[in-house]
file run.csv (CSV, C-alpha atoms and all ligand atoms)
chain,number,residue,atom,x,y,z
A,1168,MET,CA,44.5,104.1,142.7
A,1169,ALA,CA,44.2,100.3,142.7
A,1170,MET,CA,46.3,98.3,140.3
A,1171,LEU,CA,43.2,96.6,138.9
A,1172,GLU,CA,39.8,98.3,139.0
A,1173,ILE,CA,36.7,96.4,137.8
A,1174,ASN,CA,33.6,98.5,137.6
A,1175,ASP,CA,30.0,97.4,136.9
A,1176,LEU,CA,31.2,94.6,134.5
A,1177,HIS,CA,28.5,92.8,132.5
A,1178,VAL,CA,29.3,89.8,130.4
A,1179,ASN,CA,26.8,87.7,128.4
A,1180,TYR,CA,27.0,84.4,126.6
A,1181,GLY,CA,24.4,84.9,123.9
A,1182,MET,CA,21.2,85.6,125.9
A,1183,ILE,CA,22.6,84.4,129.2
A,1184,ALA,CA,24.0,86.9,131.6
A,1185,ALA,CA,27.1,85.4,133.2
A,1186,LEU,CA,28.3,88.6,135.0
A,1187,LYS,CA,25.6,91.0,136.1
A,1188,GLY,CA,27.5,94.1,137.1
A,1189,ILE,CA,30.4,93.2,139.3
A,1190,SER,CA,32.9,95.7,140.8
A,1191,PHE,CA,36.1,94.9,142.7
A,1192,GLU,CA,39.6,96.0,143.0
A,1193,VAL,CA,43.1,94.5,143.5
A,1194,ASN,CA,45.9,96.6,145.0
A,1195,GLU,CA,49.5,96.1,144.2
A,1196,GLY,CA,51.0,93.4,146.4
A,1197,GLU,CA,47.7,91.8,147.4
A,1198,VAL,CA,46.5,88.3,147.1
A,1199,ILE,CA,42.8,88.5,146.3
A,1200,SER,CA,40.5,85.5,146.0
A,1201,LEU,CA,37.3,85.1,144.1
A,1202,ILE,CA,35.3,82.3,145.6
A,1203,GLY,CA,31.9,81.0,144.7
A,1204,ALA,CA,30.0,77.9,143.6
A,1205,ASN,CA,30.1,76.2,140.2
A,1206,GLY,CA,28.8,78.5,137.5
A,1207,ALA,CA,29.0,81.7,139.7
A,1208,GLY,CA,31.1,83.5,137.0
A,1209,LYS,CA,34.7,83.2,138.4
A,1210,THR,CA,36.3,81.9,135.2
A,1211,THR,CA,34.2,84.3,133.1
A,1212,THR,CA,35.7,87.2,135.2
A,1213,LEU,CA,39.3,86.0,134.6
A,1214,HIS,CA,38.7,85.4,130.9
A,1215,THR,CA,37.2,88.9,130.5
A,1216,LEU,CA,40.1,90.6,132.2
A,1217,THR,CA,42.7,88.6,130.2
A,1218,GLY,CA,40.9,89.6,127.0
A,1219,LEU,CA,39.7,86.1,126.0
A,1220,ILE,CA,36.1,87.1,126.0
A,1221,SER,CA,34.6,90.6,125.6
A,1222,ALA,CA,32.5,92.5,128.1
A,1223,LYS,CA,29.0,93.7,127.3
A,1224,SER,CA,29.5,96.8,129.4
A,1225,GLY,CA,31.5,98.1,132.3
A,1226,SER,CA,35.2,98.8,132.7
A,1227,ILE,CA,38.4,97.0,133.7
A,1228,LYS,CA,41.3,99.4,134.4
A,1229,PHE,CA,44.8,98.2,134.9
A,1230,ASN,CA,47.0,100.9,136.2
A,1231,GLY,CA,44.5,103.3,134.8
A,1232,VAL,CA,44.4,101.8,131.3
A,1233,GLU,CA,41.1,100.4,130.0
A,1234,LEU,CA,41.4,96.7,129.2
A,1235,THR,CA,38.0,95.9,127.8
A,1236,LYS,CA,39.0,97.0,124.3
A,1237,THR,CA,42.6,95.8,124.5
A,1238,PRO,CA,43.6,92.6,122.7
A,1239,ALA,CA,44.7,89.6,124.8
A,1240,HIS,CA,48.4,89.7,123.6
A,1241,LYS,CA,48.7,93.3,124.6
A,1242,ILE,CA,47.2,92.5,128.0
A,1243,VAL,CA,50.0,90.0,128.5
A,1244,GLU,CA,52.6,92.6,127.4
A,1245,MET,CA,51.1,95.0,130.0
A,1246,GLY,CA,52.0,92.6,132.7
A,1247,ILE,CA,48.9,90.4,133.3
A,1248,ALA,CA,49.7,86.6,133.2
A,1249,HIS,CA,47.0,84.0,133.2
A,1250,VAL,CA,47.3,80.5,134.6
A,1251,PRO,CA,44.3,78.9,133.0
A,1252,GLU,CA,41.9,76.3,134.4
A,1253,GLY,CA,42.9,72.8,133.4
A,1254,ARG,CA,46.5,74.2,133.0
A,1255,ARG,CA,46.5,74.2,129.1
A,1256,ILE,CA,50.3,73.8,128.7
A,1257,PHE,CA,51.6,72.9,125.3
A,1258,GLN,CA,51.3,69.1,125.6
A,1259,ASN,CA,53.7,68.2,122.7
A,1260,LEU,CA,56.5,70.5,123.7
A,1261,THR,CA,59.2,70.0,126.4
A,1262,VAL,CA,59.1,71.7,129.8
A,1263,LEU,CA,61.9,74.0,128.7
A,1264,ASP,CA,60.1,75.0,125.4
A,1265,ASN,CA,56.9,75.7,127.4
A,1266,LEU,CA,58.8,78.1,129.7
A,1267,LYS,CA,60.5,79.8,126.7
A,1268,LEU,CA,57.1,80.4,125.2
A,1269,GLY,CA,55.9,82.0,128.4
A,1270,ALA,CA,58.5,84.7,127.6
A,1271,PHE,CA,57.3,85.2,124.1
A,1272,THR,CA,56.1,88.7,124.4
A,1273,ARG,CA,59.2,90.0,126.3
A,1274,LYS,CA,61.5,92.5,124.8
A,1275,ASP,CA,64.4,91.8,127.2
A,1276,LYS,CA,65.4,88.5,125.6
A,1277,GLU,CA,68.8,88.6,127.3
A,1278,ASN,CA,67.3,88.1,130.7
A,1279,ILE,CA,65.3,85.0,129.8
A,1280,PRO,CA,68.0,82.3,130.6
A,1281,LYS,CA,68.4,83.7,134.1
A,1282,ASP,CA,64.6,83.7,134.6
A,1283,ILE,CA,64.5,80.1,133.5
A,1284,GLN,CA,67.1,79.3,136.1
A,1285,ASP,CA,65.0,81.1,138.7
A,1286,ILE,CA,61.9,79.1,137.7
A,1287,TYR,CA,64.0,75.9,138.1
A,1288,GLU,CA,65.0,76.9,141.6
A,1289,ARG,CA,61.5,77.6,142.5
A,1290,PHE,CA,60.2,74.4,141.0
A,1291,PRO,CA,63.0,71.8,141.2
A,1292,ARG,CA,60.7,69.2,139.7
A,1293,LEU,CA,60.7,71.2,136.5
A,1294,ALA,CA,64.5,71.4,136.5
A,1295,GLU,CA,64.7,67.6,136.7
A,1296,ARG,CA,62.3,67.2,133.9
A,1297,LYS,CA,63.2,70.1,131.6
A,1298,ASN,CA,63.5,67.9,128.5
A,1299,GLN,CA,60.4,65.8,129.2
A,1300,ILE,CA,57.4,66.2,127.0
A,1301,ALA,CA,54.9,68.3,129.0
A,1302,GLY,CA,51.9,66.1,128.2
A,1303,THR,CA,53.6,63.3,130.1
A,1304,LEU,CA,54.0,65.3,133.3
A,1305,SER,CA,51.8,64.4,136.3
A,1306,GLY,CA,48.9,66.7,137.1
A,1307,GLY,CA,50.8,68.6,139.8
A,1308,GLU,CA,53.9,69.0,137.6
A,1309,GLN,CA,51.7,70.4,134.8
A,1310,GLN,CA,50.3,72.9,137.3
A,1311,MET,CA,53.8,73.9,138.3
A,1312,LEU,CA,54.7,74.3,134.6
A,1313,ALA,CA,51.6,76.4,134.0
A,1314,MET,CA,52.6,78.7,136.9
A,1315,GLY,CA,56.3,78.7,135.7
A,1316,ARG,CA,55.2,79.6,132.2
A,1317,ALA,CA,53.0,82.5,133.5
A,1318,LEU,CA,55.9,83.8,135.6
A,1319,MET,CA,58.2,83.8,132.6
A,1320,SER,CA,56.4,86.8,131.2
A,1321,ARG,CA,57.6,88.7,134.3
A,1322,PRO,CA,54.0,89.7,135.2
A,1323,LYS,CA,52.9,92.4,137.6
A,1324,ILE,CA,49.9,90.3,138.4
A,1325,VAL,CA,49.1,86.6,137.9
A,1326,VAL,CA,45.6,85.5,137.6
A,1327,MET,CA,45.1,81.8,138.5
A,1328,ASP,CA,42.1,79.7,137.8
A,1329,GLU,CA,41.6,76.8,140.2
A,1330,PRO,CA,45.3,76.0,140.6
A,1331,SER,CA,44.5,73.2,143.1
A,1332,MET,CA,42.0,71.4,141.1
A,1333,GLY,CA,42.5,67.7,140.8
A,1334,LEU,CA,45.6,67.6,142.9
A,1335,SER,CA,46.4,65.4,145.9
A,1336,PRO,CA,46.3,67.1,149.3
A,1337,ILE,CA,50.1,67.3,149.6
A,1338,LEU,CA,50.4,68.9,146.2
A,1339,VAL,CA,47.6,71.3,147.0
A,1340,SER,CA,49.7,72.5,149.9
A,1341,THR,CA,52.7,72.8,147.7
A,1342,ILE,CA,50.8,74.9,145.2
A,1343,PHE,CA,49.5,77.2,147.9
A,1344,LYS,CA,53.0,77.6,149.3
A,1345,ILE,CA,54.2,78.6,145.8
A,1346,ILE,CA,51.5,81.1,145.5
A,1347,GLU,CA,52.6,82.7,148.8
A,1348,ASP,CA,56.2,82.7,147.5
A,1349,ILE,CA,55.1,84.4,144.3
A,1350,ARG,CA,53.5,87.2,146.4
A,1351,LYS,CA,56.6,87.5,148.6
A,1352,SER,CA,58.6,88.1,145.4
A,1353,GLY,CA,56.4,91.1,144.8
A,1354,THR,CA,53.9,89.8,142.3
A,1355,THR,CA,50.2,90.5,142.9
A,1356,VAL,CA,47.9,87.5,142.7
A,1357,LEU,CA,44.2,87.2,141.7
A,1358,LEU,CA,43.1,83.7,142.6
A,1359,VAL,CA,39.9,81.8,141.7
A,1360,GLU,CA,39.4,78.8,143.9
A,1361,GLN,CA,36.9,76.1,144.8
A,1362,ASN,CA,39.1,75.4,147.8
A,1363,ALA,CA,37.8,78.4,149.7
A,1364,LYS,CA,39.4,77.5,152.9
A,1365,LYS,CA,43.0,77.3,151.6
A,1366,ALA,CA,42.4,80.3,149.3
A,1367,LEU,CA,41.2,82.5,152.2
A,1368,ALA,CA,44.1,81.4,154.4
A,1369,ILE,CA,46.6,83.0,152.0
A,1370,SER,CA,44.6,85.9,150.8
A,1371,ASP,CA,44.4,89.5,152.0
A,1372,ARG,CA,40.8,90.0,150.8
A,1373,ALA,CA,38.2,88.1,149.0
A,1374,TYR,CA,35.0,88.5,147.0
A,1375,VAL,CA,32.2,86.0,147.0
A,1376,LEU,CA,30.4,85.5,143.7
A,1377,GLU,CA,26.9,84.1,143.3
A,1378,THR,CA,25.3,83.7,139.9
A,1379,GLY,CA,27.1,86.6,138.4
A,1380,LYS,CA,27.0,89.0,141.3
A,1381,ILE,CA,29.3,89.8,144.2
A,1382,VAL,CA,27.3,89.1,147.3
A,1383,LEU,CA,30.0,89.5,149.9
A,1384,SER,CA,33.5,90.9,150.2
A,1385,GLY,CA,36.0,91.7,152.9
A,1386,LYS,CA,39.2,90.8,154.6
A,1387,ALA,CA,39.9,87.1,154.2
A,1388,SER,CA,40.5,86.8,157.9
A,1389,ASP,CA,36.9,88.0,158.5
A,1390,LEU,CA,35.3,86.0,155.8
A,1391,ILE,CA,36.9,82.8,157.1
A,1392,ASN,CA,34.9,83.3,160.3
A,1393,ASP,CA,31.7,84.5,158.6
A,1394,GLU,CA,28.8,82.1,159.3
A,1395,SER,CA,27.3,82.2,155.9
A,1396,VAL,CA,30.7,81.7,154.2
A,1397,LYS,CA,31.4,78.8,156.6
A,1398,LYS,CA,28.2,77.2,155.7
A,1399,ALA,CA,28.2,77.7,152.0
A,1400,TYR,CA,31.9,77.5,151.1
A,1401,LEU,CA,33.9,76.0,153.9
A,1402,GLY,CA,31.9,72.9,154.5
A,1403,GLU,CA,31.4,73.6,158.2
B,1501,LIG,P1,33.2,76.8,137.9
B,1501,LIG,O1,33.7,76.8,139.3
B,1501,LIG,O2,32.2,75.6,137.7
B,1501,LIG,O3,34.3,76.8,136.9
B,1501,LIG,P2,32.7,79.6,137.4
B,1501,LIG,O4,32.3,80.3,138.6
B,1501,LIG,O5,34.1,79.7,136.9
B,1501,LIG,O6,32.3,78.1,137.7
B,1501,LIG,P3,31.9,80.4,134.8
B,1501,LIG,O7,32.6,79.3,134.1
B,1501,LIG,O8,32.4,81.7,134.7
B,1501,LIG,O9,31.6,80.0,136.3
B,1501,LIG,O10,30.4,80.4,134.2
B,1501,LIG,C1,29.4,81.3,134.6
B,1501,LIG,C2,28.1,81.0,133.8
B,1501,LIG,O11,28.3,81.2,132.4
B,1501,LIG,C3,27.7,79.5,134.0
B,1501,LIG,O12,26.3,79.5,134.1
B,1501,LIG,C4,28.1,78.9,132.7
B,1501,LIG,O13,27.3,77.8,132.3
B,1501,LIG,C5,28.0,80.0,131.7
B,1501,LIG,N1,28.9,79.9,130.6
B,1501,LIG,C6,30.3,79.8,130.7
B,1501,LIG,N2,30.9,79.8,129.5
B,1501,LIG,C7,29.9,79.7,128.6
B,1501,LIG,C8,29.8,79.7,127.2
B,1501,LIG,N3,30.9,79.6,126.4
B,1501,LIG,N4,28.6,79.7,126.6
B,1501,LIG,C9,27.5,79.8,127.3
B,1501,LIG,N5,27.4,79.9,128.7
B,1501,LIG,C10,28.6,79.9,129.3
call {"tool": "encode", "arguments": {"input": "run.csv", "output": "structure tokens"}}
result
Amino acid sequence: MAMLEINDLHVNYGMIAALKGISFEVNEGEVISLIGANGAGKTTTLHTLTGLISAKSGSIKFNGVELTKTPAHKIVEMGIAHVPEGRRIFQNLTVLDNLKLGAFTRKDKENIPKDIQDIYERFPRLAERKNQIAGTLSGGEQQMLAMGRALMSRPKIVVMDEPSMGLSPILVSTIFKIIEDIRKSGTTVLLVEQNAKKALAISDRAYVLETGKIVLSGKASDLINDESVKKAYLGE
């Protein structure tokens, strides 16, 4: 059984069909990318599986448990953490307080200080700036904080929406390295990215979305050499 199984998922915004019956799966330990043009439905997919919007029909099973009727805070408790697009950290709180809030749903409060130290080791930039107001961090630092905050819930899977958006090339590389580290530490990753080339380079498999449907899927190493993918998404 896959960790995450999405089956024939339909999502509408009013009369508009944003997802028209998509199915895909994520196995434990994998990095999976969803790639596609603007408006293809990538963010909608992530928001549906984290419980922020509701499905019209279809199912999302996480370790066998149906998520489409599960409230968002329960979904976090079950081990799915979301790094949202545009980062959405708590702008007026410090770095440290943002990290603490990431652990809000945890029952094992005694382990939180150690996990904060682990985050500081992974993101030394955050350690240096732990008392800085988050809204004054640079874009890349805010992205690191959003990732750190998500990891503070000790997730089984992290879903990330466009983590490289708006970052300088060097920071983009840093963020992708961090994603690889997260996987190495045993956390599964579902990644939505416009930067298809970088995303495929670190993924096991990927799904290509076009106007609410999955049009192509396969091993990332095959997709990266696929002519249609190259043309449409890799700028070659
Ligand atoms: P991008 O890469 O541009 O973020 P995406 O693949 O993440 O795109 P979505 O944000 O999931 O795409 O949007 C899918 C479709 O649903 C788009 O046509 C979008 O305009 C539409 N849509 C998204 N949110 C809403 C909303 N709240 N109300 C109406 N339509 C919406």
call {"tool": "atom_distance", "arguments": {"input": "run.csv", "atom1": "atom CA of Asp1175 of chain A", "atom2": "atom CA of Lys1364 of chain A"}}
result
27.2 Å
call {"tool": "closest_residue", "arguments": {"input": "run.csv", "among": "A:Pro1251, A:Gly1379, A:Pro1280, A:Pro1291", "to": "ligand LIG 1501 (chain B)", "atoms": "all atoms listed in the file"}}
result
A:Gly1379
call {"tool": "residues_near_point", "arguments": {"input": "run.csv", "point": "(46.6, 94.0, 127.4)", "cutoff": "12 Å", "atoms": "only C-alpha atoms", "output": "list in words"}}
result
Thr1215, Leu1216, Thr1217, Gly1218, Leu1219, Ile1227, Lys1228, Phe1229, Asn1230, Val1232, Glu1233, Leu1234, Thr1235, Lys1236, Thr1237, Pro1238, Ala1239, His1240, Lys1241, Ile1242, Val1243, Glu1244, Met1245, Gly1246, Ile1247, Ala1248, His1249, Thr1272 and Pro1322 of chain A
call {"tool": "residues_near_ligand", "arguments": {"input": "run.csv", "ligand": "ligand LIG 1501 (chain B)", "cutoff": "9 Å", "atoms": "all atoms listed in the file", "output": "PyMOL selection string"}}
result
chain A and resi 1178-1186+1201-1214+1252+1328-1329+1359-1361+1376-1379
call {"tool": "write_last_selection", "arguments": {"input": "run.csv", "atoms": "C-alpha atoms", "output": "PDB file, keeping the file's coordinate frame"}}
result
ATOM      1  CA  VAL A1178      29.300  89.800 130.400  1.00  0.00           C
ATOM      2  CA  ASN A1179      26.800  87.700 128.400  1.00  0.00           C
ATOM      3  CA  TYR A1180      27.000  84.400 126.600  1.00  0.00           C
ATOM      4  CA  GLY A1181      24.400  84.900 123.900  1.00  0.00           C
ATOM      5  CA  MET A1182      21.200  85.600 125.900  1.00  0.00           C
ATOM      6  CA  ILE A1183      22.600  84.400 129.200  1.00  0.00           C
ATOM      7  CA  ALA A1184      24.000  86.900 131.600  1.00  0.00           C
ATOM      8  CA  ALA A1185      27.100  85.400 133.200  1.00  0.00           C
ATOM      9  CA  LEU A1186      28.300  88.600 135.000  1.00  0.00           C
ATOM     10  CA  LEU A1201      37.300  85.100 144.100  1.00  0.00           C
ATOM     11  CA  ILE A1202      35.300  82.300 145.600  1.00  0.00           C
ATOM     12  CA  GLY A1203      31.900  81.000 144.700  1.00  0.00           C
ATOM     13  CA  ALA A1204      30.000  77.900 143.600  1.00  0.00           C
ATOM     14  CA  ASN A1205      30.100  76.200 140.200  1.00  0.00           C
ATOM     15  CA  GLY A1206      28.800  78.500 137.500  1.00  0.00           C
ATOM     16  CA  ALA A1207      29.000  81.700 139.700  1.00  0.00           C
ATOM     17  CA  GLY A1208      31.100  83.500 137.000  1.00  0.00           C
ATOM     18  CA  LYS A1209      34.700  83.200 138.400  1.00  0.00           C
ATOM     19  CA  THR A1210      36.300  81.900 135.200  1.00  0.00           C
ATOM     20  CA  THR A1211      34.200  84.300 133.100  1.00  0.00           C
ATOM     21  CA  THR A1212      35.700  87.200 135.200  1.00  0.00           C
ATOM     22  CA  LEU A1213      39.300  86.000 134.600  1.00  0.00           C
ATOM     23  CA  HIS A1214      38.700  85.400 130.900  1.00  0.00           C
ATOM     24  CA  GLU A1252      41.900  76.300 134.400  1.00  0.00           C
ATOM     25  CA  ASP A1328      42.100  79.700 137.800  1.00  0.00           C
ATOM     26  CA  GLU A1329      41.600  76.800 140.200  1.00  0.00           C
ATOM     27  CA  VAL A1359      39.900  81.800 141.700  1.00  0.00           C
ATOM     28  CA  GLU A1360      39.400  78.800 143.900  1.00  0.00           C
ATOM     29  CA  GLN A1361      36.900  76.100 144.800  1.00  0.00           C
ATOM     30  CA  LEU A1376      30.400  85.500 143.700  1.00  0.00           C
ATOM     31  CA  GLU A1377      26.900  84.100 143.300  1.00  0.00           C
ATOM     32  CA  THR A1378      25.300  83.700 139.900  1.00  0.00           C
ATOM     33  CA  GLY A1379      27.100  86.600 138.400  1.00  0.00           C
TER      34      GLY A1379
END
call {"tool": "closest_residue", "arguments": {"input": "run.csv", "among": "A:Gly1315, A:Gly1231, A:Gly1302, A:Gly1253", "to": "Gly1269 of chain A", "atoms": "only C-alpha atoms"}}
result
A:Gly1315
call {"tool": "atom_distance", "arguments": {"input": "run.csv", "atom1": "atom CA of Thr1341 of chain A", "atom2": "atom CA of Leu1263 of chain A"}}
result
21.1 Å
call {"tool": "closest_residue", "arguments": {"input": "run.csv", "among": "A:Tyr1374, A:Met1311, A:Arg1316, A:Ile1345", "to": "Leu1357 of chain A", "atoms": "all atoms listed in the file"}}
result
A:Tyr1374
call {"tool": "closest_residue", "arguments": {"input": "run.csv", "among": "A:Val1382, A:Gln1310, A:Leu1367, A:Ala1301", "to": "Lys1397 of chain A", "atoms": "all atoms listed in the file"}}
result
A:Leu1367
call {"tool": "closest_residue", "arguments": {"input": "run.csv", "among": "A:Val1326, A:Glu1172, A:Ser1320, A:Arg1254", "to": "Lys1274 of chain A", "atoms": "only C-alpha atoms"}}
result
A:Ser1320
call {"tool": "closest_residue", "arguments": {"input": "run.csv", "among": "A:Ile1324, A:Leu1171, A:Met1319, A:Leu1358", "to": "Lys1267 of chain A", "atoms": "all atoms listed in the file"}}
result
A:Met1319
call {"tool": "axis_aligned_box", "arguments": {"input": "run.csv", "around": "segment 1221-1224 of chain A", "padding_each_side": "8 Å", "output": "JSON"}}
result
{"center_x": 31.8, "center_y": 93.7, "center_z": 127.5, "size_x": 21.6, "size_y": 22.2, "size_z": 19.8}
call {"tool": "atom_distance", "arguments": {"input": "run.csv", "atom1": "atom CA of Arg1321 of chain A", "atom2": "atom CA of Ile1173 of chain A"}}
result
22.5 Å
call {"tool": "build_atoms", "arguments": {"input": "run.csv", "residues": "segment 1368-1389 of chain A", "atoms": "N, CA and C atoms", "output": "short mmCIF file (atom, residue, chain, number, x, y, z; two decimals), keeping the file's coordinate frame"}}
result
data_model
loop_
_atom_site.label_atom_id
_atom_site.label_comp_id
_atom_site.auth_asym_id
_atom_site.auth_seq_id
_atom_site.Cartn_x
_atom_site.Cartn_y
_atom_site.Cartn_z
N ALA A 1368 42.95 81.42 153.44
CA ALA A 1368 44.10 81.40 154.40
C ALA A 1368 45.30 82.15 153.85
N ILE A 1369 45.44 82.26 152.53
CA ILE A 1369 46.60 83.00 152.00
C ILE A 1369 46.26 84.31 151.38
N SER A 1370 44.97 84.70 151.46
CA SER A 1370 44.60 85.90 150.80
C SER A 1370 44.50 87.11 151.77
N ASP A 1371 44.62 88.31 151.23
CA ASP A 1371 44.40 89.50 152.00
C ASP A 1371 42.89 89.79 152.08
N ARG A 1372 42.26 89.77 150.91
CA ARG A 1372 40.80 90.00 150.80
C ARG A 1372 40.21 89.04 149.87
N ALA A 1373 38.88 88.97 149.89
CA ALA A 1373 38.20 88.10 149.00
C ALA A 1373 36.84 88.60 148.61
N TYR A 1374 36.36 88.14 147.47
CA TYR A 1374 35.00 88.50 147.00
C TYR A 1374 34.28 87.18 146.75
N VAL A 1375 33.01 87.16 147.19
CA VAL A 1375 32.20 86.00 147.00
C VAL A 1375 31.22 86.23 145.86
N LEU A 1376 31.28 85.38 144.85
CA LEU A 1376 30.40 85.50 143.70
C LEU A 1376 29.27 84.51 143.76
N GLU A 1377 28.08 84.98 143.43
CA GLU A 1377 26.90 84.10 143.30
C GLU A 1377 26.14 84.48 142.08
N THR A 1378 25.96 83.52 141.18
CA THR A 1378 25.30 83.70 139.90
C THR A 1378 25.48 85.15 139.33
N GLY A 1379 26.74 85.43 139.11
CA GLY A 1379 27.10 86.60 138.40
C GLY A 1379 27.11 87.93 139.16
N LYS A 1380 26.98 87.82 140.48
CA LYS A 1380 27.00 89.00 141.30
C LYS A 1380 27.96 88.83 142.51
N ILE A 1381 28.54 89.92 142.96
CA ILE A 1381 29.30 89.80 144.20
C ILE A 1381 28.37 90.02 145.37
N VAL A 1382 28.28 89.01 146.21
CA VAL A 1382 27.30 89.10 147.30
C VAL A 1382 27.99 89.40 148.64
N LEU A 1383 29.29 89.28 148.69
CA LEU A 1383 30.00 89.50 149.90
C LEU A 1383 31.45 89.79 149.64
N SER A 1384 32.05 90.66 150.43
CA SER A 1384 33.50 90.90 150.20
C SER A 1384 34.06 91.35 151.57
N GLY A 1385 35.35 91.24 151.70
CA GLY A 1385 36.00 91.70 152.90
C GLY A 1385 37.34 91.12 153.11
N LYS A 1386 37.87 91.37 154.29
CA LYS A 1386 39.20 90.80 154.60
C LYS A 1386 39.02 89.29 154.71
N ALA A 1387 40.00 88.59 154.18
CA ALA A 1387 39.90 87.10 154.20
C ALA A 1387 39.81 86.60 155.61
N SER A 1388 40.51 87.27 156.55
CA SER A 1388 40.50 86.80 157.90
C SER A 1388 39.09 86.95 158.56
N ASP A 1389 38.29 87.90 158.06
CA ASP A 1389 36.90 88.00 158.50
C ASP A 1389 36.00 87.02 157.86
#
